[in-house]
Amino acid sequence: MSYRKLWISLAIVFIASFAVLGYYGGRLIYTEPPIPNRVVVSDGTVLFTKQDIETGQNVWQSIGGQELGSIWGHGAYVAPDWTADWLHRESIWLLDNWALKQYGKKYSQLNHENQASLSARLTDEVRKNTYNRKTGDITISPDRAAAITNMGKYYSSLFTDDSKLNQLRDDYAMPKNVIKDPSRLHSFVSFLWWATWACETNRPGDHVTYTNNWPNEDLIGNRPTGDMVVWSVASFVFLLAGVGGLAWYYATQRHEEAHESFPEKDPLLGLSPTPSMRATQKYFWVVAALWLVQVLLGAITGHYQVEGSGFYGIPLDKWIPYSLTRSWHTQLGVLWIATAWLATGLFMGPAVSGYEPPGQRFLVNFLFVCLIIIVAGSMIGQWFAVQQKLGHTANFWFGHQGYEYTDTGRFWQIFLTVGLFLWLFLMLRSLTPAFKNLKESRHLLGLFLLASTAIPVFYIPALLWGQHSNLSIAEYWRWWVVHLWVEGFFEVFATVVITFLFTRMGLLGIRTATSSVLFSTIIFLFGGIIGTFHHLYFSGTATGVIAFGATFSALEVVPLVLIGFEAYENLTRSRAKEWVKAYKWPIWFFIAVAFWNLVGAGLFGFFINPPISLYYMQGLNTTPVHGHTALFGVYGMLGIGLMLFCLRGLTVTKGWKTGALTFAFWTINIGLALMVLISLLPIGLMQTWASVTHGMWYARSAEFMSRPIVHLFVWLRIIGDSIFALGALALTWFIFGLKFGWSLNNDRPDYAKTNEKHV
């Protein structure tokens with residue numbers, strides 16, 4: 001296939017995929033659950049106003065939002081999903097209230113016939129949509145109003161300091177007085193009610209709720225829809241068809257290859273690092289430091305699940321509660337991985353073109369200072385937010401936005417966006433000469449610049465929701481950032497960078513590499529862009545999202561089926577010539593990427609992605625199984641591998657003492673595997689069984705999560721976590737040793753004893 005056909009195919013994938021994303025984004029205006037002007041009792045009493053609900057959403061964001069329990073299944077895993085929790089509690093309250101009035105007994109004490117009668121009444125009560133488009137009001141019955149009042153008292157007690165709920169707060173890893181200002185409680189309760197109303201109320205003229213009947217709750221007839229079942233089956237068919245098609249294409253294209261000729265000496269020995277390239281080293285120190293902090297915060301966050309108020313007796317929740325440690329843990333994960341990749345780009349620009357633009361070193365250092373300010377400023381702002389020391393507007397701009405992976409305040413998001421465009425400018429000015437000097441590589445350079453441009457451009461969606469945006473709108477744009485920015489174009493960027501490295505080292509031919517990268521990018525983005533929808537099945541979107549999400553998220557897995565070939569080829573390259581041994585561990589981290597891509601992104605990803613699977617699993621510990629093995633296993637390992645390649649380039653004429661690096665590689669991978677296999681996955685499977693048999697509310701309840709068997713598996717996680725942490729320490733020790741000498745051999749290795757030429 002010619003380059004021209006490949007570029008046309010890539011353009012078609014882009015245009016068609018984003019047309020679908022844009023169309024359903026526009027449909028959200030009509031399918032999102034409306035925020036009413038008023039919630040009115042049939043006797044005329046006003047319970048909530050639109051301002052109450054919107055303010056309540058800001059209160060929820062300020063206390064950590066999705067980092068303290070979850071809403072619509074998105075968020076943290078220790079506290080309950082508040083929408084599933086409210087829905088079940090409200091349903092039981094109404095059923096008991098009616099049962100006592102009608103039969104003098106609680107609902108659970110009635111016979112099946114009477115229970116069925118009351119359950120049907122409840123279904124009619126809560127699923128009927130009483131939203132009036134003309135007035136903007138929702139009208140409810142006095143019984144429903146009484147239930148809401150009761151729920152309001154319960155949640156107000158839970159989020160303040162009612163001593164009767166101390167044990168429950170401990171189970172939920174919530175400190176006392178999460179909401180310190182009593183005037184905020186009414187608004188907070190109104191938002192929880194509205195979010196739950198969307199889960200139990202049918203769309204106008206339809207028989208499914210705004211969240212497509214999520215969460216499962218038999219008491220009101222919330223069950224999987226036919227669309228979920230049909231498109232889940234279809235996703236398996238598309239997966240098999242895609243695998244077959246790709247395997248057929250792969251077989252027809254992979255003819256007997258000519259004998260590969262590898263250079264006898266390291267082509268990078270002639271690399272003379274420029275001032276800006278040397279300036280990237282401190283970026284990698286920050287990567288190592290942020291990673292260590294993230295690992296420490298992960299240990300504290302995990303421990304909160306068994307000791308909800310502290311860490312081995314230390315009352316940490318007074319200073320850094322669970323919602324804050326988890327915010328920092330998830331945020332730092334994205335930041336250190338992104339920093340590693342951005343620093344790699346800054347390093348590769350002059351390395352590829354052989355040109356150092358005037359003032360490049362100053363601008364690289366300036367960008368570094370901006371990065372430090374963004375990291376420190378956003379973390380400090382989140383602390384003030386969770387401690388309830390910011391007003392709603394100040395919180396939105398400088399504190400905690402409450403949306404997982406996009407928690408940082410809007411000011412810091414804008415600051416980061418500007419920084420990313422500055423990074424793109426630095427990339428463009430250093431790479432431009434390469435288009436003239438490296439004509440054979442122009443197509444590969446073009447893809448490199450396209451991926452580089454996508455990085456700042458696709459962070460812009462983080463700026464497209466406002467302080468009072470409907471939760472459905474915020475979720476739509478949030479997943480553009482998380483899925484397309486983190487999981488999509490960063491991976492394309494990294495793939496192109498790795499290919500550049502191998503071509504510069506003479507381990508890949510330019511033409512073969514260019515065709516391969518273009519083709520793999522087309523295949524990856526064909527499923528990956530529209531595959532964003534698998535995060536949005538239950539977020540107030542149209543049912544068409546289920547069809548597209550199920551189909552294309554299945555196709556996301558297709559390229560991963562042949563990932564073993566990539567691992568094998570990387571392993572072969574690591575043994576090609578004696579001098580390649582210098583790059584053994586960067587290449588082995590790429591091999592680990594291939595493994596975790598198949599296991600974490602492929603197997604564990606597809607395990608939860610079909611609609612019928614996610615219907616029962618969304619928000620359970622099956623999600624962090626995929627999250628840890630895909631986010632760190634793939635993107636984290638990629639970041640480490642790229643970092644080591646750059647550091648190898650900065651010390652290319654010196655040998656490495658790789659004992660610590662060898663130890664780090666194996667302990668990191670073994671620790672990650674044990675963390676998942678002996679802790680997160682068993683808990684997730686037990687929760688899934690509980691969700692299917694009883695409901696999402698039970699799978700996330702304190703009653704279930706406090707069972708001894710669950711606590712046992714939580715404690716078992718310390719094995720994998722400890723091994724993983726030792727690996728992180730060893731890798732950090734090695735990285736700093738490259739600067740201070742303890743990781744370097746003073747004698748040049750045999751393969752480096754050759755005449756050096758400057759590029």
# chains A, B, ... in the order shown; residues from 1 in each chain; ligands from 1

call {"tool": "closest_atom_pairs", "arguments": {"of": "stretch 592-662 of chain A", "to": "stretch 84-95 of chain A", "cutoff": "12 Å", "atoms": "only C-alpha atoms", "output": "JSON lines"}}
result
{"residue": "A:Tyr616", "atom": "CA", "partner": "A:Ala84", "partner_atom": "CA", "distance": 11.9}
{"residue": "A:Gln618", "atom": "CA", "partner": "A:Ala84", "partner_atom": "CA", "distance": 11.5}
{"residue": "A:Gly619", "atom": "CA", "partner": "A:Ala84", "partner_atom": "CA", "distance": 10.7}

call {"tool": "write_last_selection", "arguments": {"atoms": "N, CA, C and O atoms", "output": "mmCIF file, in the first residue's frame"}}
result
data_model
loop_
_atom_site.group_PDB
_atom_site.id
_atom_site.type_symbol
_atom_site.label_atom_id
_atom_site.label_comp_id
_atom_site.auth_asym_id
_atom_site.auth_seq_id
_atom_site.Cartn_x
_atom_site.Cartn_y
_atom_site.Cartn_z
ATOM 1 N N TYR A 616 -23.186 -4.132 34.879
ATOM 2 C CA TYR A 616 -23.049 -4.709 36.220
ATOM 3 C C TYR A 616 -21.710 -4.379 36.878
ATOM 4 O O TYR A 616 -21.589 -4.474 38.097
ATOM 5 N N GLN A 618 -19.612 -1.432 36.188
ATOM 6 C CA GLN A 618 -19.132 -0.060 36.237
ATOM 7 C C GLN A 618 -19.037 0.423 37.682
ATOM 8 O O GLN A 618 -20.001 0.388 38.427
ATOM 9 N N GLY A 619 -17.845 0.894 38.038
ATOM 10 C CA GLY A 619 -17.642 1.384 39.390
ATOM 11 C C GLY A 619 -17.221 0.325 40.384
ATOM 12 O O GLY A 619 -17.117 0.611 41.579
#

call {"tool": "closest_atom_pairs", "arguments": {"of": "stretch 129-184 of chain A", "to": "stretch 20-42 of chain A", "cutoff": "7 Å", "atoms": "only C-alpha atoms", "output": "tab-separated table"}}
result
residue	atom	partner	partner_atom	distance
A:Gly136	CA	A:Asn37	CA	5.1
A:Asp137	CA	A:Arg38	CA	4.9
A:Ile138	CA	A:Val39	CA	4.8
A:Thr139	CA	A:Val40	CA	4.8
A:Ile140	CA	A:Val41	CA	4.9
A:Ser141	CA	A:Ser42	CA	5.6
A:Pro142	CA	A:Val41	CA	6.1
A:Ala145	CA	A:Val41	CA	6.6

call {"tool": "write_last_selection", "arguments": {"atoms": "N, CA and C atoms", "output": "compact mmCIF listing (two decimals), in the first residue's frame"}}
result
# COMPACT_ATOMS: atom_id res chain seq x y z
N GLY A 136 -40.56 24.08 33.08
CA GLY A 136 -39.26 23.68 33.61
C GLY A 136 -39.34 23.07 34.99
N ASP A 137 -40.55 22.69 35.44
CA ASP A 137 -40.74 22.14 36.78
C ASP A 137 -40.85 20.62 36.76
N ILE A 138 -40.44 19.99 37.85
CA ILE A 138 -40.71 18.59 38.12
C ILE A 138 -41.67 18.54 39.29
N THR A 139 -42.78 17.85 39.09
CA THR A 139 -43.78 17.74 40.15
C THR A 139 -43.73 16.35 40.77
N ILE A 140 -43.72 16.29 42.10
CA ILE A 140 -43.65 15.01 42.79
C ILE A 140 -44.79 14.91 43.80
N SER A 141 -45.08 13.71 44.26
CA SER A 141 -46.15 13.47 45.23
C SER A 141 -45.67 13.79 46.64
N PRO A 142 -46.62 13.99 47.58
CA PRO A 142 -46.23 14.21 48.98
C PRO A 142 -45.42 13.03 49.54
N ALA A 145 -41.97 13.42 48.35
CA ALA A 145 -41.34 14.54 49.05
C ALA A 145 -40.90 14.12 50.45

call {"tool": "atom_distance", "arguments": {"atom1": "atom CA of A:Leu620", "atom2": "atom CA of A:Pro215"}}
result
12.2 Å

call {"tool": "residues_around", "arguments": {"residues": "A:Gly64", "least_positions_apart": "3", "cutoff": "9 Å", "atoms": "only C-alpha atoms", "output": "ChimeraX atom specification"}}
result
/A:59-61,67-68,323-324,327,382,385-386,400-403,407

call {"tool": "closest_residue", "arguments": {"among": "A:Gly44, A:Pro611, A:Gly73, A:Gly244", "to": "A:Ala699", "atoms": "only C-alpha atoms"}}
result
A:Gly73

call {"tool": "residues_around", "arguments": {"residues": "A:Gly737", "least_positions_apart": "2", "cutoff": "12 Å", "atoms": "only C-alpha atoms", "output": "number ranges by chain"}}
result
A: 285, 288, 647, 651, 656-661, 730-735, 739-745

call {"tool": "write_last_selection", "arguments": {"atoms": "C-alpha atoms", "output": "compact mmCIF listing (two decimals), in the first residue's frame"}}
result
# COMPACT_ATOMS: atom_id res chain seq x y z
CA TRP A 285 14.27 13.65 37.74
CA ALA A 288 11.02 9.83 39.08
CA LEU A 647 19.03 9.00 29.30
CA THR A 651 25.30 8.99 28.50
CA TRP A 656 25.59 1.58 32.84
CA LYS A 657 25.63 -0.42 36.04
CA THR A 658 22.34 -2.16 35.45
CA GLY A 659 21.90 -4.15 38.66
CA ALA A 660 19.35 -1.72 40.09
CA LEU A 661 17.66 -1.40 36.70
CA ALA A 730 15.35 1.04 42.63
CA LEU A 731 14.53 2.75 39.34
CA THR A 732 14.63 6.19 40.97
CA TRP A 733 17.97 5.33 42.59
CA PHE A 734 19.32 4.32 39.18
CA ILE A 735 18.07 7.48 37.42
CA LYS A 739 23.67 12.23 37.27
CA PHE A 740 25.72 11.64 40.39
CA GLY A 741 27.79 8.75 39.09
CA TRP A 742 26.83 5.62 41.00
CA SER A 743 24.93 4.16 38.02
CA LEU A 744 27.78 4.71 35.53
CA ASN A 745 30.94 2.81 34.65

call {"tool": "residues_around", "arguments": {"residues": "A:Gly466", "least_positions_apart": "5", "cutoff": "10 Å", "atoms": "only C-alpha atoms", "output": "list in words"}}
result
Phe396, Arg410, Ile473 and Ala474 of chain A

call {"tool": "write_last_selection", "arguments": {"atoms": "C-alpha atoms", "output": "compact mmCIF listing (two decimals), in the first residue's frame"}}
result
# COMPACT_ATOMS: atom_id res chain seq x y z
CA PHE A 396 -13.74 25.93 40.14
CA ARG A 410 -9.68 25.61 35.49
CA ILE A 473 -21.91 17.46 29.18
CA ALA A 474 -18.96 17.45 31.60

call {"tool": "atom_distance", "arguments": {"atom1": "atom CA of A:Val496", "atom2": "atom CA of A:Thr514"}}
result
8.8 Å

call {"tool": "residues_around", "arguments": {"residues": "A:Arg478", "least_positions_apart": "2", "cutoff": "8 Å", "atoms": "only C-alpha atoms", "output": "PDB file with all heavy atoms, in the first residue's frame"}}
result
ATOM      1  N   TYR A 403     -13.830  15.888  38.889  1.00  0.00           N
ATOM      2  CA  TYR A 403     -13.947  14.921  37.803  1.00  0.00           C
ATOM      3  C   TYR A 403     -12.650  14.122  37.688  1.00  0.00           C
ATOM      4  O   TYR A 403     -11.587  14.680  37.420  1.00  0.00           O
ATOM      5  CB  TYR A 403     -14.257  15.623  36.478  1.00  0.00           C
ATOM      6  CG  TYR A 403     -15.556  16.389  36.500  1.00  0.00           C
ATOM      7  CD1 TYR A 403     -15.588  17.763  36.299  1.00  0.00           C
ATOM      8  CD2 TYR A 403     -16.760  15.732  36.745  1.00  0.00           C
ATOM      9  CE1 TYR A 403     -16.778  18.472  36.315  1.00  0.00           C
ATOM     10  CE2 TYR A 403     -17.958  16.428  36.766  1.00  0.00           C
ATOM     11  CZ  TYR A 403     -17.966  17.797  36.554  1.00  0.00           C
ATOM     12  OH  TYR A 403     -19.145  18.489  36.578  1.00  0.00           O
ATOM     13  N   THR A 406      -9.372  14.698  35.660  1.00  0.00           N
ATOM     14  CA  THR A 406      -9.392  16.106  35.254  1.00  0.00           C
ATOM     15  C   THR A 406      -9.792  16.956  36.453  1.00  0.00           C
ATOM     16  O   THR A 406     -10.604  17.876  36.338  1.00  0.00           O
ATOM     17  CB  THR A 406     -10.367  16.335  34.074  1.00  0.00           C
ATOM     18  OG1 THR A 406     -11.670  15.855  34.434  1.00  0.00           O
ATOM     19  CG2 THR A 406      -9.900  15.612  32.830  1.00  0.00           C
ATOM     20  N   PRO A 461     -10.524  20.036  25.131  1.00  0.00           N
ATOM     21  CA  PRO A 461     -11.839  19.661  25.676  1.00  0.00           C
ATOM     22  C   PRO A 461     -11.951  19.780  27.194  1.00  0.00           C
ATOM     23  O   PRO A 461     -13.068  19.908  27.704  1.00  0.00           O
ATOM     24  CB  PRO A 461     -11.989  18.200  25.229  1.00  0.00           C
ATOM     25  CG  PRO A 461     -11.251  18.139  23.938  1.00  0.00           C
ATOM     26  CD  PRO A 461     -10.053  19.036  24.139  1.00  0.00           C
ATOM     27  N   ALA A 462     -10.820  19.770  27.910  1.00  0.00           N
ATOM     28  CA  ALA A 462     -10.876  19.976  29.356  1.00  0.00           C
ATOM     29  C   ALA A 462     -11.372  21.367  29.717  1.00  0.00           C
ATOM     30  O   ALA A 462     -11.764  21.620  30.870  1.00  0.00           O
ATOM     31  CB  ALA A 462      -9.494  19.746  29.980  1.00  0.00           C
ATOM     32  N   ALA A 474     -20.300  17.536  31.005  1.00  0.00           N
ATOM     33  CA  ALA A 474     -18.964  17.451  31.599  1.00  0.00           C
ATOM     34  C   ALA A 474     -18.357  16.065  31.377  1.00  0.00           C
ATOM     35  O   ALA A 474     -17.169  15.934  31.062  1.00  0.00           O
ATOM     36  CB  ALA A 474     -19.024  17.777  33.093  1.00  0.00           C
ATOM     37  N   GLU A 475     -19.179  15.020  31.524  1.00  0.00           N
ATOM     38  CA  GLU A 475     -18.680  13.661  31.321  1.00  0.00           C
ATOM     39  C   GLU A 475     -18.270  13.438  29.866  1.00  0.00           C
ATOM     40  O   GLU A 475     -17.259  12.787  29.587  1.00  0.00           O
ATOM     41  CB  GLU A 475     -19.757  12.641  31.715  1.00  0.00           C
ATOM     42  CG  GLU A 475     -19.866  12.412  33.211  1.00  0.00           C
ATOM     43  CD  GLU A 475     -18.624  11.734  33.760  1.00  0.00           C
ATOM     44  OE1 GLU A 475     -18.427  10.528  33.530  1.00  0.00           O
ATOM     45  OE2 GLU A 475     -17.824  12.426  34.417  1.00  0.00           O
ATOM     46  N   TYR A 476     -19.054  13.979  28.949  1.00  0.00           N
ATOM     47  CA  TYR A 476     -18.743  13.829  27.523  1.00  0.00           C
ATOM     48  C   TYR A 476     -17.365  14.396  27.212  1.00  0.00           C
ATOM     49  O   TYR A 476     -16.515  13.728  26.624  1.00  0.00           O
ATOM     50  CB  TYR A 476     -19.823  14.524  26.689  1.00  0.00           C
ATOM     51  CG  TYR A 476     -19.542  14.575  25.205  1.00  0.00           C
ATOM     52  CD1 TYR A 476     -19.743  13.461  24.392  1.00  0.00           C
ATOM     53  CD2 TYR A 476     -19.076  15.756  24.605  1.00  0.00           C
ATOM     54  CE1 TYR A 476     -19.494  13.511  23.028  1.00  0.00           C
ATOM     55  CE2 TYR A 476     -18.832  15.815  23.239  1.00  0.00           C
ATOM     56  CZ  TYR A 476     -19.040  14.690  22.457  1.00  0.00           C
ATOM     57  OH  TYR A 476     -18.789  14.748  21.116  1.00  0.00           O
ATOM     58  N   TRP A 480     -13.246  12.767  26.440  1.00  0.00           N
ATOM     59  CA  TRP A 480     -12.392  13.165  25.322  1.00  0.00           C
ATOM     60  C   TRP A 480     -10.956  13.300  25.817  1.00  0.00           C
ATOM     61  O   TRP A 480     -10.019  12.865  25.151  1.00  0.00           O
ATOM     62  CB  TRP A 480     -12.860  14.504  24.738  1.00  0.00           C
ATOM     63  CG  TRP A 480     -13.893  14.401  23.667  1.00  0.00           C
ATOM     64  CD1 TRP A 480     -15.106  13.789  23.751  1.00  0.00           C
ATOM     65  CD2 TRP A 480     -13.809  14.941  22.349  1.00  0.00           C
ATOM     66  NE1 TRP A 480     -15.787  13.920  22.575  1.00  0.00           N
ATOM     67  CE2 TRP A 480     -15.029  14.623  21.689  1.00  0.00           C
ATOM     68  CE3 TRP A 480     -12.854  15.674  21.657  1.00  0.00           C
ATOM     69  CZ2 TRP A 480     -15.283  15.013  20.370  1.00  0.00           C
ATOM     70  CZ3 TRP A 480     -13.105  16.062  20.340  1.00  0.00           C
ATOM     71  CH2 TRP A 480     -14.311  15.727  19.717  1.00  0.00           C
ATOM     72  N   VAL A 481     -10.804  13.924  26.970  1.00  0.00           N
ATOM     73  CA  VAL A 481      -9.457  14.123  27.519  1.00  0.00           C
ATOM     74  C   VAL A 481      -8.851  12.792  27.943  1.00  0.00           C
ATOM     75  O   VAL A 481      -7.735  12.438  27.542  1.00  0.00           O
ATOM     76  CB  VAL A 481      -9.489  15.104  28.710  1.00  0.00           C
ATOM     77  CG1 VAL A 481      -8.091  15.256  29.316  1.00  0.00           C
ATOM     78  CG2 VAL A 481     -10.029  16.462  28.278  1.00  0.00           C
ATOM     79  N   VAL A 482      -9.591  12.042  28.753  1.00  0.00           N
ATOM     80  CA  VAL A 482      -9.034  10.809  29.316  1.00  0.00           C
ATOM     81  C   VAL A 482      -8.781   9.770  28.232  1.00  0.00           C
ATOM     82  O   VAL A 482      -7.720   9.139  28.187  1.00  0.00           O
ATOM     83  CB  VAL A 482      -9.969  10.231  30.399  1.00  0.00           C
ATOM     84  CG1 VAL A 482      -9.414   8.919  30.948  1.00  0.00           C
ATOM     85  CG2 VAL A 482     -10.162  11.231  31.534  1.00  0.00           C
TER      86      VAL A 482
END
